[in-house]
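Remarks on the structure that follows.
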Amino acid sequence: MDKITIKNAPFSCFIGILDHEKKRKHKIFIDLELYTDILQASRSDNINYAIDYTAVYEEIGKTVEAKQYNLIETLAEAIAGKILKKFDVKKIMVRIKKPRALQHRDVEYTAVEITRP
């Protein structure tokens, strides 16, 4: 199986459980690994047989902006479900990194990573 990677895609959204987190948008970074068969696309050099990266990115954006999430776990699950449903992807890995989740701590970011068939 082949893999397409989108790495460190930045988005801003309302996410968090604390009152101050719900009052402003927070920057998050999303990594995706899309497992699919790219043989037909690579042999034909035809975009119609490939995963459209822009469409995937836009679908992530729609999901991120669809509602306010309490947990990055919930957002990761929502993204995985939408991508698996809309694109010819057999398996997906979604990683969401949330910088500043542990404010006043010497931590670059917190993250959740899920893999779904």
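Labels for the structure tokens follow display order: chains A, B, ..., residues from 1 in each chain, ligands from 1.
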**Request:** as a ChimeraX atom specification, please: all residues of chain A that backbone DSSP puts in helix (DSSP H, G or I).
**Result:** /A:19-22,39-44,47-49,53-65,72-86
Selected residues written out with N, CA and C atoms, as a compact mmCIF listing (two decimals), in the first residue's frame:
# COMPACT_ATOMS: atom_id res chain seq x y z
N ASP A 19 -12.43 27.50 30.17
CA ASP A 19 -13.16 28.70 29.76
C ASP A 19 -12.32 29.60 28.86
N HIS A 20 -11.05 29.83 29.23
CA HIS A 20 -10.23 30.73 28.42
C HIS A 20 -9.92 30.13 27.04
N GLU A 21 -9.96 28.81 26.91
CA GLU A 21 -9.74 28.17 25.61
C GLU A 21 -10.94 28.34 24.68
N LYS A 22 -12.11 28.47 25.27
CA LYS A 22 -13.33 28.58 24.47
C LYS A 22 -13.58 29.99 23.96
N LEU A 39 -0.88 3.39 -7.90
CA LEU A 39 -0.30 2.79 -9.11
C LEU A 39 -0.94 3.35 -10.39
N GLN A 40 -2.26 3.38 -10.45
CA GLN A 40 -2.92 3.87 -11.66
C GLN A 40 -2.59 5.34 -11.92
N ALA A 41 -2.56 6.14 -10.89
CA ALA A 41 -2.21 7.56 -11.04
C ALA A 41 -0.77 7.71 -11.52
N SER A 42 0.13 6.94 -10.93
CA SER A 42 1.55 7.07 -11.29
C SER A 42 1.82 6.58 -12.71
N ARG A 43 1.14 5.55 -13.13
CA ARG A 43 1.34 5.02 -14.49
C ARG A 43 0.71 5.90 -15.56
N SER A 44 -0.43 6.49 -15.24
CA SER A 44 -1.16 7.29 -16.23
C SER A 44 -0.76 8.76 -16.22
N ILE A 47 -4.37 13.16 -13.09
CA ILE A 47 -4.87 13.61 -11.78
C ILE A 47 -6.21 12.94 -11.42
N ASN A 48 -6.97 12.52 -12.41
CA ASN A 48 -8.26 11.89 -12.14
C ASN A 48 -8.13 10.57 -11.39
N TYR A 49 -6.94 9.99 -11.37
CA TYR A 49 -6.70 8.74 -10.65
C TYR A 49 -5.93 8.97 -9.35
N TYR A 53 -4.87 16.62 -3.22
CA TYR A 53 -4.37 17.13 -1.93
C TYR A 53 -5.12 18.38 -1.49
N THR A 54 -5.44 19.24 -2.45
CA THR A 54 -6.17 20.46 -2.11
C THR A 54 -7.55 20.14 -1.55
N ALA A 55 -8.22 19.19 -2.17
CA ALA A 55 -9.55 18.79 -1.68
C ALA A 55 -9.47 18.19 -0.28
N VAL A 56 -8.42 17.41 -0.02
CA VAL A 56 -8.23 16.84 1.32
C VAL A 56 -8.03 17.97 2.33
N TYR A 57 -7.15 18.91 2.00
CA TYR A 57 -6.88 20.05 2.88
C TYR A 57 -8.17 20.84 3.16
N GLU A 58 -8.94 21.09 2.13
CA GLU A 58 -10.19 21.84 2.29
C GLU A 58 -11.19 21.07 3.16
N GLU A 59 -11.23 19.76 3.03
CA GLU A 59 -12.12 18.94 3.86
C GLU A 59 -11.71 18.99 5.32
N ILE A 60 -10.41 19.00 5.57
CA ILE A 60 -9.92 19.16 6.95
C ILE A 60 -10.40 20.50 7.49
N GLY A 61 -10.22 21.55 6.69
CA GLY A 61 -10.64 22.89 7.12
C GLY A 61 -12.11 22.97 7.45
N LYS A 62 -12.94 22.37 6.62
CA LYS A 62 -14.39 22.36 6.88
C LYS A 62 -14.70 21.65 8.20
N THR A 63 -14.02 20.56 8.44
CA THR A 63 -14.25 19.78 9.67
C THR A 63 -13.79 20.56 10.89
N VAL A 64 -12.64 21.18 10.79
CA VAL A 64 -12.10 21.98 11.91
C VAL A 64 -13.04 23.13 12.25
N GLU A 65 -13.61 23.76 11.24
CA GLU A 65 -14.46 24.93 11.46
C GLU A 65 -15.93 24.60 11.69
N ILE A 72 -9.04 17.35 21.28
CA ILE A 72 -8.39 17.10 19.99
C ILE A 72 -8.65 15.65 19.55
N GLU A 73 -8.92 14.77 20.50
CA GLU A 73 -9.27 13.40 20.17
C GLU A 73 -10.55 13.35 19.31
N THR A 74 -11.53 14.14 19.68
CA THR A 74 -12.79 14.19 18.95
C THR A 74 -12.58 14.75 17.55
N LEU A 75 -11.78 15.79 17.45
CA LEU A 75 -11.49 16.39 16.14
C LEU A 75 -10.75 15.39 15.26
N ALA A 76 -9.78 14.68 15.80
CA ALA A 76 -9.04 13.69 15.02
C ALA A 76 -9.97 12.62 14.46
N GLU A 77 -10.89 12.16 15.29
CA GLU A 77 -11.85 11.14 14.86
C GLU A 77 -12.76 11.68 13.76
N ALA A 78 -13.20 12.92 13.89
CA ALA A 78 -14.06 13.54 12.87
C ALA A 78 -13.32 13.67 11.54
N ILE A 79 -12.07 14.09 11.58
CA ILE A 79 -11.29 14.22 10.35
C ILE A 79 -11.09 12.86 9.69
N ALA A 80 -10.71 11.87 10.46
CA ALA A 80 -10.50 10.52 9.91
C ALA A 80 -11.76 10.02 9.23
N GLY A 81 -12.89 10.15 9.88
CA GLY A 81 -14.15 9.68 9.32
C GLY A 81 -14.50 10.37 8.01
N LYS A 82 -14.33 11.69 7.97
CA LYS A 82 -14.67 12.44 6.74
C LYS A 82 -13.75 12.05 5.58
N ILE A 83 -12.47 11.94 5.82
CA ILE A 83 -11.52 11.63 4.75
C ILE A 83 -11.75 10.21 4.24
N LEU A 84 -11.95 9.26 5.15
CA LEU A 84 -12.20 7.88 4.74
C LEU A 84 -13.49 7.76 3.92
N LYS A 85 -14.47 8.55 4.26
CA LYS A 85 -15.76 8.50 3.57
C LYS A 85 -15.70 9.16 2.19
N LYS A 86 -14.96 10.25 2.08
CA LYS A 86 -15.00 11.07 0.86
C LYS A 86 -13.95 10.69 -0.17
**Request:** Using only C-alpha atoms, determine which residues lie at most 10 Å from A:Thr5, disregarding the query and same-chain residues fewer than 6 positions distant; provide the list as a ChimeraX atom specification.
**Result:** /A:31-35,53,92-93
Take the residues from that selection and put them in a file with C-alpha atoms, as a short mmCIF file (atom, residue, chain, number, x, y, z; two decimals), in the first residue's frame.
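Output contents, as saved in selection_4.cif:
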data_model
loop_
_atom_site.label_atom_id
_atom_site.label_comp_id
_atom_site.auth_asym_id
_atom_site.auth_seq_id
_atom_site.Cartn_x
_atom_site.Cartn_y
_atom_site.Cartn_z
CA ASP A 31 -0.44 15.67 9.99
CA LEU A 32 -2.11 13.07 7.79
CA GLU A 33 -0.93 9.84 6.29
CA LEU A 34 -3.30 8.56 3.64
CA TYR A 35 -2.84 4.92 2.63
CA TYR A 53 -4.37 17.13 -1.93
CA ILE A 92 -5.56 6.99 7.62
CA MET A 93 -3.35 8.33 10.35
#
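Distance annotation: of A:Lys91, A:Met1, A:Lys98, A:Asp52, the residue with the minimal separation from A:Cys13 is A:Lys98; atom set is only C-alpha atoms.
The two atoms in question, atom CA of A:Gly16 and atom CA of A:Ile28, are spaced 11.4 Å apart.
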**Item:** Long-range neighbours of A:Tyr109 as a ChimeraX atom specification, 7 Å cut-off, only C-alpha atoms, 2 positions minimum in chain
**Value:** /A:97-101,107,111
With C-alpha atoms retained, export the selected residues as a PDB file, in the first residue's frame.
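As a result, out_27.pdb now contains:
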ATOM      1  CA  LYS A  97      -0.619  18.963  17.634  1.00  0.00           C
ATOM      2  CA  LYS A  98      -1.781  21.699  19.952  1.00  0.00           C
ATOM      3  CA  PRO A  99       0.957  24.137  20.966  1.00  0.00           C
ATOM      4  CA  ARG A 100       0.479  25.951  24.240  1.00  0.00           C
ATOM      5  CA  ALA A 101      -1.926  23.334  25.601  1.00  0.00           C
ATOM      6  CA  VAL A 107       6.447  21.724  26.392  1.00  0.00           C
ATOM      7  CA  ALA A 111      -0.686  15.785  20.464  1.00  0.00           C
TER       8      ALA A 111
END
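Closest to A:Lys90 among A:Arg105, A:Lys7, A:Arg116, A:His26 is A:Arg116, based on only C-alpha atoms.
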**Request:** Assign secondary structure with DSSP using the backbone only, and return the residues of stretch 2-111 of chain A in strand (DSSP E) as a ChimeraX atom specification.
**Result:** /A:2-13,26-36,91-98,110-111
